[in-house]
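Trainee: Quick one: the structure is below, and I'll ask about it shortly.
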Amino acid sequence: MTRNPWNNLTKCSYHVAVCDKDFILGINKTIKNTDDKFHLELWPEPFVGNPNAMVYLLNGNPGYTAEIDELFANDMGFQSLVKNSIVHKPTSGYNDFFYYFDNITCNGETHPGCDWWMKRTKQLRSVLGRNPRLFNVEFCPYHSKNANNIPDYLPSYDYTNQLVINAISDNKIIVVMRMVNRWIRRIPQLMNYPNLYRLLNYRNVSLTSGNLVSVTSAFGSLVNAC
């Protein structure tokens, strides 16, 4: 098993897996558009949720909301949630490590990730009567406003890939929410995986019965697995 690179982060003003440092700093130097740069002052979020969940979500990269994200970056409570999550350490009071299902606030502001996830799982939560058990994996763990410069490879991807490959071996449901073609190129085992679910609308990545590509009882299977 590939070692978790998130046990070894840089100890400075920016937060990067040590194995990614030269790669990601080099990429940032070449980016001219500020909106495309990776915000390394924020803690990376390669995944959120419990890796033992039976539903894996494959996403793009964590976003960036000016001022609000910076507010939370300096909040010790939120830092603790992220740092626990990236090493798969449970945090008391949070549902299966998926902290965005809770109302995380700082100085009266709600974290934008909470609103994003609550909207995308509204139907799922309504049917379940509770928060779903999910494990969300980001293609790239570093925050940016736009996703125009996400690299095809970083050393930290090796660990993320292994988590997804393990999920395939365990016959878990995998929903590709973003970058479907890039995910398949990155993990070829996804190509013919029977439990790979795709979305009809990749601009609105809500987990709804109408947005899952028609396969036998797709939404029902998703509900049962959560």
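We name chains A, B, ... following the order of the structure tokens; residues begin at 1 in each chain, and ligands are numbered from 1 as shown.
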Run DSSP on the backbone and grab whatever in chain A lands in alpha helix (DSSP H); send it over as a ChimeraX atom specification.
Mentor: /A:21-30,68-73,76-85,112-120,122-128,157-169,180-186,218-225
Trainee: Using only C-alpha atoms, determine which residues lie at most 12 Å from region 27-32 of chain A, disregarding the query and same-chain residues fewer than 3 positions distant; provide the list as a VMD selection string.
Mentor: chain A and resid 20 to 24 35 to 40 142 to 144 146 to 154
Trainee: Generate the output file for the selected residues, N, CA and C atoms, as a PDB file, in the first residue's frame.
Mentor:
```pdb
ATOM      1  N   ASP A  20       4.948  16.742  -3.247  1.00  0.00           N
ATOM      2  CA  ASP A  20       4.411  17.577  -4.330  1.00  0.00           C
ATOM      3  C   ASP A  20       5.093  18.935  -4.436  1.00  0.00           C
ATOM      4  N   LYS A  21       5.903  19.282  -3.453  1.00  0.00           N
ATOM      5  CA  LYS A  21       6.384  20.662  -3.309  1.00  0.00           C
ATOM      6  C   LYS A  21       7.000  21.214  -4.594  1.00  0.00           C
ATOM      7  N   ASP A  22       8.000  20.560  -5.128  1.00  0.00           N
ATOM      8  CA  ASP A  22       8.680  21.096  -6.315  1.00  0.00           C
ATOM      9  C   ASP A  22       7.747  21.153  -7.513  1.00  0.00           C
ATOM     10  N   PHE A  23       6.874  20.165  -7.636  1.00  0.00           N
ATOM     11  CA  PHE A  23       5.936  20.111  -8.756  1.00  0.00           C
ATOM     12  C   PHE A  23       4.961  21.287  -8.709  1.00  0.00           C
ATOM     13  N   ILE A  24       4.280  21.440  -7.572  1.00  0.00           N
ATOM     14  CA  ILE A  24       3.180  22.403  -7.500  1.00  0.00           C
ATOM     15  C   ILE A  24       3.707  23.840  -7.451  1.00  0.00           C
ATOM     16  N   ASP A  35      -6.508  33.954 -11.162  1.00  0.00           N
ATOM     17  CA  ASP A  35      -7.640  33.077 -10.875  1.00  0.00           C
ATOM     18  C   ASP A  35      -7.311  31.604 -11.090  1.00  0.00           C
ATOM     19  N   ASP A  36      -6.244  31.334 -11.824  1.00  0.00           N
ATOM     20  CA  ASP A  36      -5.852  29.947 -12.096  1.00  0.00           C
ATOM     21  C   ASP A  36      -4.831  29.410 -11.108  1.00  0.00           C
ATOM     22  N   LYS A  37      -4.241  30.280 -10.313  1.00  0.00           N
ATOM     23  CA  LYS A  37      -3.192  29.850  -9.395  1.00  0.00           C
ATOM     24  C   LYS A  37      -3.752  28.991  -8.266  1.00  0.00           C
ATOM     25  N   PHE A  38      -2.915  28.116  -7.750  1.00  0.00           N
ATOM     26  CA  PHE A  38      -3.297  27.308  -6.598  1.00  0.00           C
ATOM     27  C   PHE A  38      -3.029  28.102  -5.326  1.00  0.00           C
ATOM     28  N   HIS A  39      -4.024  28.115  -4.446  1.00  0.00           N
ATOM     29  CA  HIS A  39      -3.926  28.872  -3.192  1.00  0.00           C
ATOM     30  C   HIS A  39      -3.357  27.969  -2.112  1.00  0.00           C
ATOM     31  N   LEU A  40      -2.045  28.005  -2.005  1.00  0.00           N
ATOM     32  CA  LEU A  40      -1.340  27.091  -1.118  1.00  0.00           C
ATOM     33  C   LEU A  40      -1.340  27.567   0.333  1.00  0.00           C
ATOM     34  N   TYR A 142      -5.335  20.683  -4.353  1.00  0.00           N
ATOM     35  CA  TYR A 142      -5.038  22.074  -4.040  1.00  0.00           C
ATOM     36  C   TYR A 142      -6.121  23.012  -4.568  1.00  0.00           C
ATOM     37  N   HIS A 143      -6.401  24.030  -3.769  1.00  0.00           N
ATOM     38  CA  HIS A 143      -7.495  24.957  -4.055  1.00  0.00           C
ATOM     39  C   HIS A 143      -7.157  25.916  -5.196  1.00  0.00           C
ATOM     40  N   SER A 144      -8.156  26.191  -6.039  1.00  0.00           N
ATOM     41  CA  SER A 144      -8.023  27.237  -7.045  1.00  0.00           C
ATOM     42  C   SER A 144      -9.420  27.718  -7.434  1.00  0.00           C
ATOM     43  N   ASN A 146     -10.283  28.645 -10.577  1.00  0.00           N
ATOM     44  CA  ASN A 146     -10.541  27.952 -11.833  1.00  0.00           C
ATOM     45  C   ASN A 146      -9.749  26.648 -11.856  1.00  0.00           C
ATOM     46  N   ALA A 147     -10.146  25.754 -12.737  1.00  0.00           N
ATOM     47  CA  ALA A 147      -9.491  24.446 -12.803  1.00  0.00           C
ATOM     48  C   ALA A 147      -8.714  24.266 -14.099  1.00  0.00           C
ATOM     49  N   ASN A 148      -8.137  25.353 -14.575  1.00  0.00           N
ATOM     50  CA  ASN A 148      -7.507  25.325 -15.896  1.00  0.00           C
ATOM     51  C   ASN A 148      -6.100  24.746 -15.911  1.00  0.00           C
ATOM     52  N   ASN A 149      -5.468  24.639 -14.749  1.00  0.00           N
ATOM     53  CA  ASN A 149      -4.069  24.200 -14.733  1.00  0.00           C
ATOM     54  C   ASN A 149      -3.850  22.989 -13.833  1.00  0.00           C
ATOM     55  N   ILE A 150      -4.867  22.189 -13.685  1.00  0.00           N
ATOM     56  CA  ILE A 150      -4.727  20.986 -12.871  1.00  0.00           C
ATOM     57  C   ILE A 150      -3.800  20.001 -13.577  1.00  0.00           C
ATOM     58  N   PRO A 151      -2.728  19.598 -12.916  1.00  0.00           N
ATOM     59  CA  PRO A 151      -1.766  18.700 -13.574  1.00  0.00           C
ATOM     60  C   PRO A 151      -2.303  17.274 -13.694  1.00  0.00           C
ATOM     61  N   ASP A 152      -1.834  16.585 -14.727  1.00  0.00           N
ATOM     62  CA  ASP A 152      -2.207  15.181 -14.897  1.00  0.00           C
ATOM     63  C   ASP A 152      -1.575  14.300 -13.836  1.00  0.00           C
ATOM     64  N   TYR A 153      -0.428  14.754 -13.305  1.00  0.00           N
ATOM     65  CA  TYR A 153       0.242  13.930 -12.302  1.00  0.00           C
ATOM     66  C   TYR A 153       0.912  14.772 -11.231  1.00  0.00           C
ATOM     67  N   LEU A 154       0.727  14.352  -9.992  1.00  0.00           N
ATOM     68  CA  LEU A 154       1.508  14.787  -8.849  1.00  0.00           C
ATOM     69  C   LEU A 154       1.845  13.526  -8.054  1.00  0.00           C
TER      70      LEU A 154
END
```
Trainee: Pick out the residues sitting within 7 Å of region 196-209 of chain A, and hand them over as a ChimeraX atom specification; count only C-alpha atoms, and ignore anything fewer than 4 positions along from it in its own chain.
Mentor: /A:120-121,123-124,173-178,190,213,219
Trainee: Determine which residues of region 153-203 of chain A receive a DSSP assignment of strand (DSSP E), computed from the backbone, and state them as a list of chain:residue names.
Mentor: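 These are the residues in question: A:Ile173, A:Ile174, A:Val175, A:Val176, A:Leu196, A:Tyr197, A:Arg198.
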Trainee: Can you list, as a PDB file with all heavy atoms, in the first residue's frame, every protein, DNA or RNA residue that comes within 9 Å of Val180 (chain A) when you count only C-alpha atoms, leaving out same-chain residues fewer than 5 positions away?
Mentor:
```pdb
ATOM      1  N   LEU A  58     -15.789  11.013  -7.383  1.00  0.00           N
ATOM      2  CA  LEU A  58     -14.564  11.513  -8.005  1.00  0.00           C
ATOM      3  C   LEU A  58     -14.810  12.931  -8.507  1.00  0.00           C
ATOM      4  O   LEU A  58     -15.620  13.146  -9.405  1.00  0.00           O
ATOM      5  CB  LEU A  58     -14.135  10.601  -9.161  1.00  0.00           C
ATOM      6  CG  LEU A  58     -13.942   9.114  -8.808  1.00  0.00           C
ATOM      7  CD1 LEU A  58     -13.396   8.362 -10.024  1.00  0.00           C
ATOM      8  CD2 LEU A  58     -13.034   8.926  -7.605  1.00  0.00           C
ATOM      9  N   ASN A  59     -14.105  13.883  -7.926  1.00  0.00           N
ATOM     10  CA  ASN A  59     -14.334  15.290  -8.208  1.00  0.00           C
ATOM     11  C   ASN A  59     -13.126  15.913  -8.895  1.00  0.00           C
ATOM     12  O   ASN A  59     -12.231  15.206  -9.351  1.00  0.00           O
ATOM     13  CB  ASN A  59     -14.661  16.018  -6.907  1.00  0.00           C
ATOM     14  CG  ASN A  59     -16.019  16.702  -6.954  1.00  0.00           C
ATOM     15  OD1 ASN A  59     -16.290  17.457  -7.881  1.00  0.00           O
ATOM     16  ND2 ASN A  59     -16.854  16.440  -5.958  1.00  0.00           N
ATOM     17  N   ARG A 185      -8.366   8.080 -17.755  1.00  0.00           N
ATOM     18  CA  ARG A 185      -6.978   7.989 -18.207  1.00  0.00           C
ATOM     19  C   ARG A 185      -6.042   7.745 -17.024  1.00  0.00           C
ATOM     20  O   ARG A 185      -5.055   7.006 -17.138  1.00  0.00           O
ATOM     21  CB  ARG A 185      -6.567   9.265 -18.951  1.00  0.00           C
ATOM     22  CG  ARG A 185      -7.150   9.392 -20.343  1.00  0.00           C
ATOM     23  CD  ARG A 185      -6.398  10.428 -21.163  1.00  0.00           C
ATOM     24  NE  ARG A 185      -6.430  11.752 -20.563  1.00  0.00           N
ATOM     25  CZ  ARG A 185      -7.359  12.664 -20.799  1.00  0.00           C
ATOM     26  NH1 ARG A 185      -8.365  12.381 -21.628  1.00  0.00           N
ATOM     27  NH2 ARG A 185      -7.308  13.862 -20.224  1.00  0.00           N
ATOM     28  N   ARG A 198     -22.099   7.675 -14.044  1.00  0.00           N
ATOM     29  CA  ARG A 198     -21.796   8.984 -14.623  1.00  0.00           C
ATOM     30  C   ARG A 198     -23.010   9.896 -14.477  1.00  0.00           C
ATOM     31  O   ARG A 198     -24.122   9.435 -14.239  1.00  0.00           O
ATOM     32  CB  ARG A 198     -21.421   8.837 -16.102  1.00  0.00           C
ATOM     33  CG  ARG A 198     -20.290   7.837 -16.334  1.00  0.00           C
ATOM     34  CD  ARG A 198     -19.822   7.867 -17.759  1.00  0.00           C
ATOM     35  NE  ARG A 198     -18.867   6.806 -18.049  1.00  0.00           N
ATOM     36  CZ  ARG A 198     -17.947   6.872 -18.983  1.00  0.00           C
ATOM     37  NH1 ARG A 198     -17.848   7.957 -19.734  1.00  0.00           N
ATOM     38  NH2 ARG A 198     -17.112   5.874 -19.191  1.00  0.00           N
TER      39      ARG A 198
END
```
